[in-house]
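Q: run.csv is the file, holding CSV, C-alpha atoms:
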```
chain,number,residue,atom,x,y,z
A,1,MET,CA,-84.9,136.7,14.3
A,2,GLY,CA,-82.7,139.8,14.8
A,3,VAL,CA,-79.0,139.5,15.4
A,4,TYR,CA,-79.5,140.4,19.1
A,5,GLU,CA,-82.0,137.6,19.5
A,6,GLU,CA,-79.6,135.3,17.8
A,7,LEU,CA,-76.8,136.2,20.2
A,8,VAL,CA,-79.1,135.4,23.1
A,9,ALA,CA,-80.2,132.1,21.5
A,10,ARG,CA,-76.5,131.1,20.9
A,11,GLY,CA,-75.8,131.7,24.6
A,12,LEU,CA,-73.5,134.7,24.1
A,13,ILE,CA,-75.2,137.4,26.3
A,14,ALA,CA,-74.9,137.3,30.0
A,15,GLN,CA,-75.6,140.8,31.3
A,16,VAL,CA,-76.7,144.1,29.6
A,17,THR,CA,-77.7,147.6,30.5
A,18,ASN,CA,-80.7,149.2,28.7
A,19,GLU,CA,-81.7,145.9,26.9
A,20,GLU,CA,-84.4,147.4,24.8
A,21,GLU,CA,-82.3,150.1,23.4
A,22,ILE,CA,-79.3,147.8,22.9
A,23,ARG,CA,-81.6,145.4,20.9
A,24,GLU,CA,-82.9,148.2,18.7
A,25,MET,CA,-79.4,149.5,18.0
A,26,VAL,CA,-77.8,146.1,17.3
A,27,ASN,CA,-80.6,144.8,15.2
A,28,ASN,CA,-80.7,148.0,13.0
A,29,GLY,CA,-76.9,148.2,12.6
A,30,LYS,CA,-76.6,151.4,14.6
A,31,ALA,CA,-74.0,150.2,17.1
A,32,THR,CA,-70.4,151.2,17.0
A,33,PHE,CA,-68.9,148.9,19.6
A,34,TYR,CA,-65.5,148.0,21.0
A,35,ILE,CA,-63.9,145.0,22.5
A,36,GLY,CA,-60.5,145.2,24.1
A,37,PHE,CA,-57.6,142.7,23.6
A,38,ASP,CA,-54.7,142.6,26.0
A,39,PRO,CA,-51.5,142.1,24.0
A,40,THR,CA,-49.7,139.8,26.5
A,41,ALA,CA,-48.5,137.4,23.8
A,42,ASP,CA,-47.6,137.6,20.1
A,43,SER,CA,-50.7,135.6,19.1
A,44,LEU,CA,-54.4,135.5,19.9
A,45,HIS,CA,-55.5,132.1,21.3
A,46,VAL,CA,-58.8,130.3,21.3
A,47,GLY,CA,-59.8,132.1,24.5
A,48,HIS,CA,-60.3,135.1,22.3
A,49,PHE,CA,-62.3,133.2,19.8
A,50,MET,CA,-65.7,134.1,21.2
A,51,ALA,CA,-65.0,137.8,21.0
A,52,LEU,CA,-63.8,137.5,17.4
A,53,CYS,CA,-66.8,135.6,16.3
A,54,LEU,CA,-69.1,138.1,18.0
A,55,MET,CA,-67.4,141.0,16.2
A,56,LYS,CA,-67.8,139.2,12.9
A,57,ARG,CA,-71.5,138.5,13.5
A,58,LEU,CA,-72.3,142.1,14.5
A,59,GLN,CA,-70.3,143.5,11.5
A,60,MET,CA,-72.3,141.2,9.2
A,61,ALA,CA,-75.4,142.8,10.6
A,62,GLY,CA,-74.2,146.3,9.7
A,63,ASN,CA,-72.7,147.4,13.0
A,64,ARG,CA,-69.2,148.9,13.2
A,65,PRO,CA,-66.5,147.1,15.3
A,66,VAL,CA,-63.7,148.9,17.1
A,67,ALA,CA,-60.9,146.5,18.0
A,68,LEU,CA,-59.0,148.1,20.8
A,69,ILE,CA,-55.5,146.8,21.5
A,70,GLY,CA,-54.5,147.5,25.1
A,71,GLY,CA,-51.0,148.7,24.3
A,72,GLY,CA,-51.3,151.4,27.0
A,73,THR,CA,-53.2,149.5,29.7
A,74,ALA,CA,-50.8,146.5,29.2
A,75,MET,CA,-48.2,148.8,30.8
A,76,ILE,CA,-50.3,148.5,34.0
A,77,GLY,CA,-51.8,145.0,33.9
A,78,ASP,CA,-55.4,144.0,34.5
A,79,PRO,CA,-56.0,142.4,37.9
A,80,SER,CA,-59.2,140.7,36.8
A,81,GLY,CA,-59.1,137.0,37.2
A,82,ARG,CA,-55.6,137.0,38.5
A,83,SER,CA,-54.0,136.1,41.9
A,84,ASP,CA,-50.6,137.7,41.2
A,85,LEU,CA,-49.0,140.8,39.6
A,86,ARG,CA,-48.6,140.4,35.9
A,87,THR,CA,-45.1,140.5,34.5
A,88,MET,CA,-44.2,143.9,33.0
A,89,MET,CA,-43.6,144.0,29.3
A,90,THR,CA,-41.3,146.4,27.4
A,91,PRO,CA,-42.9,148.9,24.9
A,92,GLU,CA,-41.2,147.1,22.1
A,93,THR,CA,-42.7,143.7,23.0
A,94,ILE,CA,-46.2,145.3,23.3
A,95,ALA,CA,-45.8,147.0,19.9
A,96,HIS,CA,-44.8,143.7,18.3
A,97,ASN,CA,-47.7,141.8,19.9
A,98,CYS,CA,-50.2,144.5,18.7
A,99,ALA,CA,-49.0,144.1,15.1
A,100,CYS,CA,-49.4,140.3,15.3
A,101,PHE,CA,-53.0,140.7,16.7
A,102,LYS,CA,-54.0,143.0,13.8
A,103,LYS,CA,-52.8,140.5,11.2
A,104,GLN,CA,-54.8,137.7,12.8
A,105,MET,CA,-58.0,139.8,13.3
A,106,GLU,CA,-58.1,140.6,9.6
A,107,ARG,CA,-59.2,137.0,9.0
A,108,PHE,CA,-62.4,137.7,10.9
A,109,ILE,CA,-63.1,141.4,10.6
A,110,GLU,CA,-63.1,143.7,7.5
A,111,PHE,CA,-61.1,146.8,8.3
A,112,GLY,CA,-61.3,150.0,6.3
A,113,ASP,CA,-63.2,153.3,5.7
A,114,ASP,CA,-66.7,153.0,7.3
A,115,LYS,CA,-65.8,149.5,8.3
A,116,ALA,CA,-64.0,148.1,11.3
A,117,ILE,CA,-61.2,150.1,12.8
A,118,MET,CA,-58.3,149.1,15.1
A,119,VAL,CA,-57.0,151.4,17.7
A,120,ASN,CA,-54.2,151.2,20.3
A,121,ASN,CA,-55.0,152.9,23.6
A,122,ALA,CA,-51.3,153.7,24.0
A,123,ASP,CA,-52.0,156.5,21.5
A,124,TRP,CA,-54.0,158.4,24.2
A,125,ILE,CA,-53.2,156.9,27.5
A,126,MET,CA,-49.4,157.3,27.3
A,127,ASP,CA,-49.8,161.1,26.8
A,128,LEU,CA,-52.2,161.7,29.8
A,129,ASN,CA,-51.1,164.1,32.4
A,130,TYR,CA,-51.3,162.6,35.9
A,131,ILE,CA,-52.8,165.6,37.7
A,132,GLU,CA,-55.2,166.1,34.8
A,133,ILE,CA,-56.4,162.5,35.0
A,134,LEU,CA,-56.8,162.8,38.8
A,135,ARG,CA,-58.9,165.9,38.5
A,136,GLU,CA,-60.9,165.0,35.3
A,137,VAL,CA,-61.4,161.3,35.7
A,138,GLY,CA,-60.4,160.2,39.3
A,139,ALA,CA,-63.0,162.6,40.8
A,140,CYS,CA,-65.7,160.5,39.1
A,141,PHE,CA,-64.8,157.3,40.9
A,142,SER,CA,-65.7,156.2,44.4
A,143,VAL,CA,-62.9,154.1,46.1
A,144,ASN,CA,-65.5,152.4,48.2
A,145,ASN,CA,-67.4,151.3,45.1
A,146,MET,CA,-64.2,150.2,43.4
A,147,LEU,CA,-63.2,148.0,46.3
A,148,ARG,CA,-66.5,146.2,46.1
A,149,ALA,CA,-65.8,145.2,42.5
A,150,GLU,CA,-65.0,141.5,42.2
A,151,CYS,CA,-61.8,142.1,40.3
A,152,TYR,CA,-60.3,143.9,43.3
A,153,LYS,CA,-61.9,141.9,46.1
A,154,GLN,CA,-60.2,138.7,45.0
A,155,ARG,CA,-56.8,140.4,45.2
A,156,MET,CA,-57.1,142.2,48.5
A,157,GLU,CA,-55.9,139.3,50.7
A,158,LYS,CA,-52.7,138.7,48.6
A,159,GLY,CA,-52.1,142.3,47.9
A,160,LEU,CA,-53.3,144.7,45.3
A,161,SER,CA,-50.8,147.2,44.0
A,162,PHE,CA,-51.7,150.9,43.4
A,163,LEU,CA,-50.6,150.3,39.8
A,164,GLU,CA,-53.3,147.7,39.2
A,165,PHE,CA,-55.8,149.7,41.2
A,166,ASN,CA,-55.7,152.3,38.3
A,167,TYR,CA,-56.7,149.7,35.7
A,168,MET,CA,-60.4,150.3,36.1
A,169,ILE,CA,-59.9,154.1,35.6
A,170,MET,CA,-57.8,153.6,32.5
A,171,GLN,CA,-60.3,151.1,30.9
A,172,SER,CA,-63.2,153.5,31.7
A,173,TYR,CA,-61.3,156.3,30.1
A,174,ASP,CA,-60.9,154.2,27.0
A,175,PHE,CA,-64.7,154.1,26.5
A,176,TYR,CA,-65.0,157.8,27.3
A,177,TYR,CA,-62.3,158.6,24.6
A,178,LEU,CA,-63.8,156.2,22.0
A,179,PHE,CA,-67.3,157.6,22.6
A,180,GLN,CA,-66.1,161.1,21.9
A,181,LYS,CA,-63.7,160.5,19.0
A,182,TYR,CA,-65.4,157.6,17.1
A,183,GLY,CA,-69.0,157.8,18.3
A,184,CYS,CA,-68.5,154.4,20.0
A,185,ASN,CA,-71.7,153.8,21.9
A,186,MET,CA,-71.4,150.2,23.1
A,187,GLN,CA,-68.8,148.0,24.7
A,188,PHE,CA,-68.6,144.2,25.0
A,189,GLY,CA,-66.4,142.2,27.3
A,190,GLY,CA,-66.3,139.1,29.5
A,191,ASN,CA,-68.0,138.7,32.8
A,192,ASP,CA,-64.8,139.4,34.7
A,193,GLN,CA,-64.8,142.9,33.0
A,194,TRP,CA,-68.3,143.9,34.2
A,195,SER,CA,-67.2,146.3,36.9
A,196,ASN,CA,-64.6,148.0,34.6
A,197,MET,CA,-67.2,148.3,31.9
A,198,LEU,CA,-69.8,149.8,34.1
A,199,GLY,CA,-67.1,152.3,35.2
A,200,GLY,CA,-66.8,153.4,31.6
A,201,THR,CA,-70.5,153.8,31.1
A,202,GLU,CA,-70.8,155.8,34.3
A,203,LEU,CA,-67.8,158.0,33.4
A,204,ILE,CA,-69.5,159.1,30.2
A,205,ARG,CA,-72.7,159.9,31.9
A,206,ARG,CA,-70.9,161.9,34.7
A,207,LYS,CA,-68.8,163.8,32.2
A,208,LEU,CA,-71.2,164.3,29.3
A,209,GLY,CA,-74.6,164.2,31.0
A,210,LYS,CA,-77.3,161.7,31.6
A,211,ASP,CA,-78.5,161.9,28.0
A,212,ALA,CA,-75.2,160.5,26.7
A,213,HIS,CA,-75.9,157.0,25.3
A,214,ALA,CA,-73.4,154.4,26.3
A,215,MET,CA,-74.3,150.8,26.5
A,216,THR,CA,-72.7,147.8,28.1
A,217,ILE,CA,-72.9,144.1,27.3
A,218,THR,CA,-70.9,141.2,28.7
A,219,LEU,CA,-70.3,137.9,27.0
A,220,LEU,CA,-71.4,134.7,28.6
A,221,LEU,CA,-68.8,132.2,29.9
A,222,ASN,CA,-65.7,134.4,29.9
A,223,SER,CA,-64.1,131.9,32.2
A,224,GLU,CA,-65.1,129.2,29.7
A,225,GLY,CA,-63.4,131.1,26.9
A,226,LYS,CA,-60.2,131.4,28.9
A,227,LYS,CA,-60.4,127.7,29.7
A,228,MET,CA,-60.8,127.0,26.0
A,229,GLY,CA,-57.4,128.5,25.4
A,230,LYS,CA,-55.6,126.0,27.7
A,231,THR,CA,-54.5,122.4,27.2
A,232,ALA,CA,-51.8,120.2,28.9
A,233,LYS,CA,-49.4,121.6,26.3
A,234,GLY,CA,-50.2,125.2,27.0
A,235,ALA,CA,-52.3,127.7,25.0
A,236,VAL,CA,-53.9,126.8,21.7
A,237,TRP,CA,-52.9,129.7,19.5
A,238,LEU,CA,-54.4,131.1,16.3
A,239,ASP,CA,-50.9,131.5,14.8
A,240,PRO,CA,-50.1,128.4,12.7
A,241,ASN,CA,-46.4,128.6,13.7
A,242,LYS,CA,-47.4,128.2,17.4
A,243,THR,CA,-50.3,125.7,17.0
A,244,SER,CA,-50.4,123.9,13.7
A,245,PRO,CA,-53.7,123.7,11.8
A,246,PHE,CA,-53.7,120.0,12.5
A,247,ASP,CA,-53.3,120.5,16.2
A,248,PHE,CA,-55.9,123.2,16.2
A,249,TYR,CA,-58.3,120.9,14.4
A,250,GLN,CA,-57.5,118.1,16.9
A,251,TYR,CA,-58.1,120.4,19.9
A,252,TRP,CA,-61.7,121.0,18.8
A,253,ARG,CA,-62.1,117.4,17.7
A,254,ASN,CA,-61.3,116.3,21.2
A,255,VAL,CA,-63.7,118.6,23.2
A,256,ASP,CA,-65.8,116.9,25.9
A,257,ASP,CA,-69.1,115.4,24.7
A,258,ALA,CA,-70.9,117.8,27.1
A,259,ASP,CA,-69.3,120.9,25.5
A,260,VAL,CA,-69.5,120.1,21.8
A,261,LEU,CA,-73.0,121.5,21.0
A,262,LYS,CA,-72.4,124.5,23.2
A,263,CYS,CA,-69.3,125.3,21.2
A,264,ILE,CA,-71.0,124.8,17.9
A,265,ARG,CA,-73.8,127.1,19.0
A,266,MET,CA,-71.5,129.9,20.3
A,267,LEU,CA,-68.6,129.7,17.9
A,268,THR,CA,-69.7,128.5,14.4
A,269,PHE,CA,-71.8,130.3,11.9
A,270,LEU,CA,-74.0,127.3,11.1
A,271,PRO,CA,-77.7,128.2,11.2
A,272,LEU,CA,-79.4,127.7,14.5
A,273,GLU,CA,-82.1,125.5,12.9
A,274,GLU,CA,-79.4,123.1,11.8
A,275,ILE,CA,-77.7,123.1,15.3
A,276,ASP,CA,-81.0,122.6,17.1
A,277,LYS,CA,-81.4,119.3,15.2
A,278,MET,CA,-78.1,118.2,16.7
A,279,ASP,CA,-79.5,118.6,20.2
A,280,LYS,CA,-80.8,115.0,20.1
A,281,TRP,CA,-77.6,113.5,18.9
A,282,GLU,CA,-75.8,111.0,21.1
A,283,GLY,CA,-73.2,108.3,21.0
A,284,SER,CA,-71.3,108.1,17.8
A,285,GLN,CA,-73.3,111.1,16.5
A,286,LEU,CA,-71.4,113.3,18.9
A,287,ASN,CA,-68.1,112.4,17.1
A,288,THR,CA,-69.7,113.7,13.9
A,289,ALA,CA,-70.6,116.9,15.8
A,290,LYS,CA,-67.0,117.2,16.9
A,291,GLU,CA,-65.8,116.8,13.3
A,292,ILE,CA,-68.2,119.6,12.3
A,293,LEU,CA,-67.0,121.8,15.0
A,294,ALA,CA,-63.3,121.2,14.3
A,295,TYR,CA,-63.7,121.7,10.6
A,296,GLU,CA,-65.8,124.9,10.8
A,297,LEU,CA,-63.4,126.6,13.3
A,298,THR,CA,-60.2,125.5,11.5
A,299,SER,CA,-61.7,126.8,8.3
A,300,LEU,CA,-62.4,130.1,10.0
A,301,VAL,CA,-58.9,130.5,11.3
A,302,HIS,CA,-56.7,128.8,8.7
A,303,GLY,CA,-58.9,128.6,5.6
A,304,GLU,CA,-60.7,125.7,3.9
A,305,GLU,CA,-57.6,124.1,2.4
A,306,GLU,CA,-55.9,123.7,5.8
A,307,ALA,CA,-59.2,122.5,7.3
A,308,ASN,CA,-59.6,119.8,4.6
A,309,LYS,CA,-56.0,118.7,5.1
A,310,ALA,CA,-56.5,118.5,8.9
A,311,LYS,CA,-59.7,116.6,8.5
A,312,THR,CA,-58.2,114.1,6.0
A,313,ALA,CA,-55.1,113.6,8.2
A,314,ALA,CA,-57.1,113.1,11.4
A,315,ARG,CA,-59.4,110.5,9.8
A,316,ALA,CA,-56.4,108.6,8.3
A,317,LEU,CA,-54.6,108.6,11.6
A,318,PHE,CA,-57.5,107.3,13.6
A,319,SER,CA,-58.5,104.7,11.1
A,320,ALA,CA,-55.1,103.3,10.4
A,321,GLY,CA,-52.5,105.3,12.2
A,322,SER,CA,-50.4,105.2,9.1
A,323,ASP,CA,-50.9,108.4,7.0
A,324,ASP,CA,-48.4,111.0,8.2
A,325,ALA,CA,-48.5,113.3,5.2
A,326,ASN,CA,-50.1,116.2,7.2
A,327,MET,CA,-49.0,115.1,10.7
A,328,PRO,CA,-47.3,117.8,12.8
A,329,THR,CA,-43.5,117.3,12.4
A,330,THR,CA,-40.4,118.4,14.4
A,331,THR,CA,-37.1,118.3,12.5
A,332,LEU,CA,-34.3,117.7,15.0
A,333,ALA,CA,-30.7,118.9,14.6
A,334,GLU,CA,-27.8,116.6,15.0
A,335,GLU,CA,-26.6,118.8,17.9
A,336,GLN,CA,-29.6,117.5,19.8
A,337,LEU,CA,-28.3,113.9,19.6
A,338,THR,CA,-25.9,112.3,22.0
A,339,ASP,CA,-23.7,109.6,20.5
A,340,ASP,CA,-25.9,109.6,17.4
A,341,ALA,CA,-29.1,108.9,19.4
A,342,ILE,CA,-31.7,110.7,21.5
A,343,ASN,CA,-33.4,109.6,24.7
A,344,VAL,CA,-37.2,109.2,24.6
A,345,MET,CA,-37.7,111.9,27.3
A,346,ASP,CA,-35.5,114.4,25.4
A,347,LEU,CA,-37.5,113.5,22.2
A,348,LEU,CA,-40.8,114.3,23.8
A,349,VAL,CA,-39.5,117.6,25.1
A,350,ALA,CA,-38.0,118.5,21.7
A,351,CYS,CA,-41.3,117.8,20.0
A,352,LYS,CA,-43.1,119.9,22.7
A,353,LEU,CA,-45.2,116.9,23.6
A,354,ALA,CA,-44.0,117.4,27.2
A,355,ALA,CA,-42.9,120.6,28.8
A,356,THR,CA,-40.2,119.0,30.9
A,357,LYS,CA,-38.3,115.7,31.3
A,358,SER,CA,-40.2,115.1,34.5
A,359,GLU,CA,-43.5,115.4,32.6
A,360,ALA,CA,-42.1,113.1,29.9
A,361,ARG,CA,-41.1,110.6,32.5
A,362,ARG,CA,-44.7,110.5,34.0
A,363,LEU,CA,-46.2,110.1,30.5
A,364,ILE,CA,-44.0,107.1,29.8
A,365,GLN,CA,-44.5,105.5,33.2
A,366,GLN,CA,-48.3,105.9,32.9
A,367,GLY,CA,-48.2,104.1,29.5
A,368,GLY,CA,-49.1,107.2,27.5
A,369,VAL,CA,-46.4,107.1,24.8
A,370,SER,CA,-46.0,105.0,21.7
A,371,VAL,CA,-43.4,105.3,19.0
A,372,ASN,CA,-44.1,103.6,15.6
A,373,GLU,CA,-47.1,102.0,17.2
A,374,GLU,CA,-45.0,100.3,20.0
A,375,LYS,CA,-45.7,101.4,23.6
A,376,ILE,CA,-42.6,102.7,25.3
A,377,ALA,CA,-42.3,101.4,28.9
A,378,ASP,CA,-38.6,102.2,29.5
A,379,ILE,CA,-37.6,105.8,30.2
A,380,GLY,CA,-34.1,104.9,29.1
A,381,ALA,CA,-35.2,104.0,25.6
A,382,SER,CA,-33.4,105.9,22.8
A,383,PHE,CA,-33.6,106.3,19.1
A,384,THR,CA,-30.8,106.4,16.6
A,385,LYS,CA,-29.9,108.8,13.8
A,386,GLU,CA,-31.0,106.3,11.2
A,387,GLN,CA,-34.4,105.8,12.9
A,388,LEU,CA,-34.9,109.6,13.0
A,389,LYS,CA,-34.0,109.9,9.3
A,390,ALA,CA,-36.6,107.3,8.5
A,391,GLY,CA,-39.1,109.2,10.6
A,392,LEU,CA,-40.6,108.4,14.1
A,393,LYS,CA,-44.3,108.5,14.6
A,394,ILE,CA,-45.1,109.4,18.1
A,395,ARG,CA,-48.5,108.9,19.8
A,396,LYS,CA,-49.2,110.7,23.1
A,397,GLY,CA,-52.3,109.2,24.7
A,398,LYS,CA,-54.9,108.1,22.3
A,399,LYS,CA,-55.4,111.3,20.2
A,400,VAL,CA,-52.1,113.3,19.9
A,401,PHE,CA,-49.9,112.3,17.0
A,402,HIS,CA,-46.5,113.8,16.0
A,403,LYS,CA,-43.6,112.9,13.7
A,404,ALA,CA,-39.9,113.4,14.5
A,405,THR,CA,-37.3,113.5,11.7
A,406,LEU,CA,-33.7,114.5,11.3
```
Is it possible to express this structure as structure tokens?
A:
Amino acid sequence: MGVYEELVARGLIAQVTNEEEIREMVNNGKATFYIGFDPTADSLHVGHFMALCLMKRLQMAGNRPVALIGGGTAMIGDPSGRSDLRTMMTPETIAHNCACFKKQMERFIEFGDDKAIMVNNADWIMDLNYIEILREVGACFSVNNMLRAECYKQRMEKGLSFLEFNYMIMQSYDFYYLFQKYGCNMQFGGNDQWSNMLGGTELIRRKLGKDAHAMTITLLLNSEGKKMGKTAKGAVWLDPNKTSPFDFYQYWRNVDDADVLKCIRMLTFLPLEEIDKMDKWEGSQLNTAKEILAYELTSLVHGEEEANKAKTAARALFSAGSDDANMPTTTLAEEQLTDDAINVMDLLVACKLAATKSEARRLIQQGGVSVNEEKIADIGASFTKEQLKAGLKIRKGKKVFHKATL
């Protein structure tokens, strides 16, 4: 089975142009492909995971990845999948986020001469002359066709700014630039990027002739990938300072039964033959599958040592609820106490187990909070300095554990 056939079998390919040619290029290591990452935060999250794993698979098969950081297009904002105008970021914030992305990507992709490269489209987009881009690029786009694109149609009722309307042109120009400078002949992206990606392919053909080879592939389940990045606490980050390896492990350990094998197939590097045998698993065997998924992905992101720690800690917690050696911990400062004590709602917020006191109140009233294995029913409950120094073990729901100390 070639790498292209494996991508299909793992459920990673949704739409392609020129499938036979794409298959030949990918299977024979002839593709120089790019995937774009929008630097809207200082860490990648699990919604990016599918793209990172795809880049790793293709590089292992001899293809060359180009990781494009959208430092320039981030100045505009992508309307795809959004119902509002994205908050503007400063150039300094964008530059910082780009640097953080590169550090995290290096765990997945090997950068260097004749290997993967990382580029920032600010290096060429920020220097574009407005009149030149209108004449050289804008003339290749039909406004009527652009307005039929899903990414624009969904914004028309609430209002689409002219700033955002330019995003398709800028993203298309990225592919045109990379094609000429780096020989980048293929682009990958999520389903919500399909119109933008087709725009890039068409721009190359319009500017360089019909014989110019530019291929387009979209990943399956882009919306699923974005959903993967969200939980009740917010995004699940790849940065261990934002989401601990234990919490990262627990996130995957707690996926729905219906999703676990799909995630194993798409995101892990386990052989398909081994995964196919799991298709018949049910009941308690699905918990084993979830442990496999959690361990494999935690090892990919944080290394085997952290994955082993998280696995050991999770098993200890669920079997006895007593081993807190590797439990995520928040150390409070005395300034956070009032009269040498802290209210339970303030404690939940301080430990980031609730975003607000209102959310903490609802959790308690719904019976979803225990401290030192005792369910908390009173929103007025508080804990003393001495109790904090001894350590408080907090359980949120059935599966989220946290320790608070002073």
Q: Anything within 10 Å of (-51.5, 135.8, 20.0): list those residues as number ranges by chain, counting only C-alpha atoms and sticking to the file's coordinates.
A: A: 37-46, 48, 97-102, 104, 235-239, 242
Q: Keeping only C-alpha atoms, write the selected residues as a compact mmCIF listing (two decimals), in the coordinates of the input.
A:
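In the end it all went to again02.txt:
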```txt
# COMPACT_ATOMS: atom_id res chain seq x y z
CA PHE A 37 -57.60 142.70 23.60
CA ASP A 38 -54.70 142.60 26.00
CA PRO A 39 -51.50 142.10 24.00
CA THR A 40 -49.70 139.80 26.50
CA ALA A 41 -48.50 137.40 23.80
CA ASP A 42 -47.60 137.60 20.10
CA SER A 43 -50.70 135.60 19.10
CA LEU A 44 -54.40 135.50 19.90
CA HIS A 45 -55.50 132.10 21.30
CA VAL A 46 -58.80 130.30 21.30
CA HIS A 48 -60.30 135.10 22.30
CA ASN A 97 -47.70 141.80 19.90
CA CYS A 98 -50.20 144.50 18.70
CA ALA A 99 -49.00 144.10 15.10
CA CYS A 100 -49.40 140.30 15.30
CA PHE A 101 -53.00 140.70 16.70
CA LYS A 102 -54.00 143.00 13.80
CA GLN A 104 -54.80 137.70 12.80
CA ALA A 235 -52.30 127.70 25.00
CA VAL A 236 -53.90 126.80 21.70
CA TRP A 237 -52.90 129.70 19.50
CA LEU A 238 -54.40 131.10 16.30
CA ASP A 239 -50.90 131.50 14.80
CA LYS A 242 -47.40 128.20 17.40
```
Q: Using all atoms listed in the file, pick whichever of A:Ile117, A:Cys53, A:Ala310, A:Leu300 has the shortest atom-to-atom distance to Ile69 in chain A.
A: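 Looking only at the distances to Ile69 in chain A, the closest residue turns out to be A:Ile117.
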Q: Set the distance at 7 Å and use all atoms listed in the file: which residues neighbour Ala122 in chain A once local chain neighbours fewer than 3 positions away are removed? I'd like the list as an MDAnalysis selection string.
A: chainID A and resid 71:72 125:126
Q: Could you turn the residues from that selection into a file that holds C-alpha atoms, as a CSV table (one decimal), in the frame of the given file?
A:
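What ended up in result37.csv:
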```csv
chain,number,residue,atom,x,y,z
A,71,GLY,CA,-51.0,148.7,24.3
A,72,GLY,CA,-51.3,151.4,27.0
A,125,ILE,CA,-53.2,156.9,27.5
A,126,MET,CA,-49.4,157.3,27.3
```
Q: Using all atoms listed in the file, which residues sit within 7 Å of range 213-216 of chain A once same-chain residues fewer than 2 positions away are excluded, as a list of chain:residue names?
A: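 Using all atoms listed in the file, the neighbours found are A:Val16, A:Thr17, A:Asn18, A:Ile22, A:Asn185, A:Met186, A:Gln187, A:Phe188, A:Met197, A:Leu198, A:Thr201, A:Asp211, A:Thr218.
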Q: Can you tell me how far CA of Thr288 in chain A sits from CA of Thr268 in chain A, in Å to one decimal?
A: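 Pair CA of Thr288 in chain A / CA of Thr268 in chain A returns 14.8 Å.
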Q: From the options A:Val26, A:Leu178, A:Leu12, A:Ala149, which residue's atoms come nearest to Leu68 in chain A, counting only C-alpha atoms?
A: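 Using only C-alpha atoms, Leu68 in chain A sits closest to A:Leu178.
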Q: Rank A:Tyr4, A:Trp124, A:Trp194, A:Phe141 by their smallest atom-to-atom distance to Glu21 in chain A, using all atoms listed in the file, and report the top residue only.
A: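 Smallest distance to Glu21 in chain A is found for A:Tyr4.
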Q: Starting from the incomplete input, reconstruct N, CA and C atoms of range 132-144 of chain A and report them as a short mmCIF file (atom, residue, chain, number, x, y, z; two decimals), in the frame of the given file.
A:
```cif
data_model
loop_
_atom_site.label_atom_id
_atom_site.label_comp_id
_atom_site.auth_asym_id
_atom_site.auth_seq_id
_atom_site.Cartn_x
_atom_site.Cartn_y
_atom_site.Cartn_z
N GLU A 132 -54.01 165.96 35.60
CA GLU A 132 -55.20 166.10 34.80
C GLU A 132 -56.15 164.93 34.95
N ILE A 133 -55.59 163.72 34.89
CA ILE A 133 -56.40 162.50 35.00
C ILE A 133 -57.02 162.39 36.38
N LEU A 134 -56.27 162.80 37.40
CA LEU A 134 -56.80 162.80 38.80
C LEU A 134 -58.02 163.70 38.88
N ARG A 135 -57.89 164.90 38.34
CA ARG A 135 -58.90 165.90 38.50
C ARG A 135 -60.15 165.58 37.56
N GLU A 136 -59.87 165.20 36.31
CA GLU A 136 -60.90 165.00 35.30
C GLU A 136 -61.62 163.67 35.39
N VAL A 137 -60.87 162.64 35.76
CA VAL A 137 -61.40 161.30 35.70
C VAL A 137 -61.51 160.71 37.16
N GLY A 138 -60.41 160.81 37.91
CA GLY A 138 -60.40 160.20 39.30
C GLY A 138 -61.50 160.73 40.15
N ALA A 139 -61.90 161.98 39.97
CA ALA A 139 -63.00 162.60 40.80
C ALA A 139 -64.32 161.90 40.55
N CYS A 140 -64.45 161.16 39.44
CA CYS A 140 -65.70 160.50 39.10
C CYS A 140 -65.85 159.11 39.70
N PHE A 141 -64.81 158.64 40.38
CA PHE A 141 -64.80 157.30 40.90
C PHE A 141 -64.81 157.26 42.42
N SER A 142 -65.62 156.38 42.97
CA SER A 142 -65.70 156.20 44.40
C SER A 142 -64.75 155.00 44.77
N VAL A 143 -63.80 155.23 45.66
CA VAL A 143 -62.90 154.10 46.10
C VAL A 143 -63.71 153.03 46.75
N ASN A 144 -64.72 153.40 47.53
CA ASN A 144 -65.50 152.40 48.20
C ASN A 144 -66.22 151.48 47.17
#
```
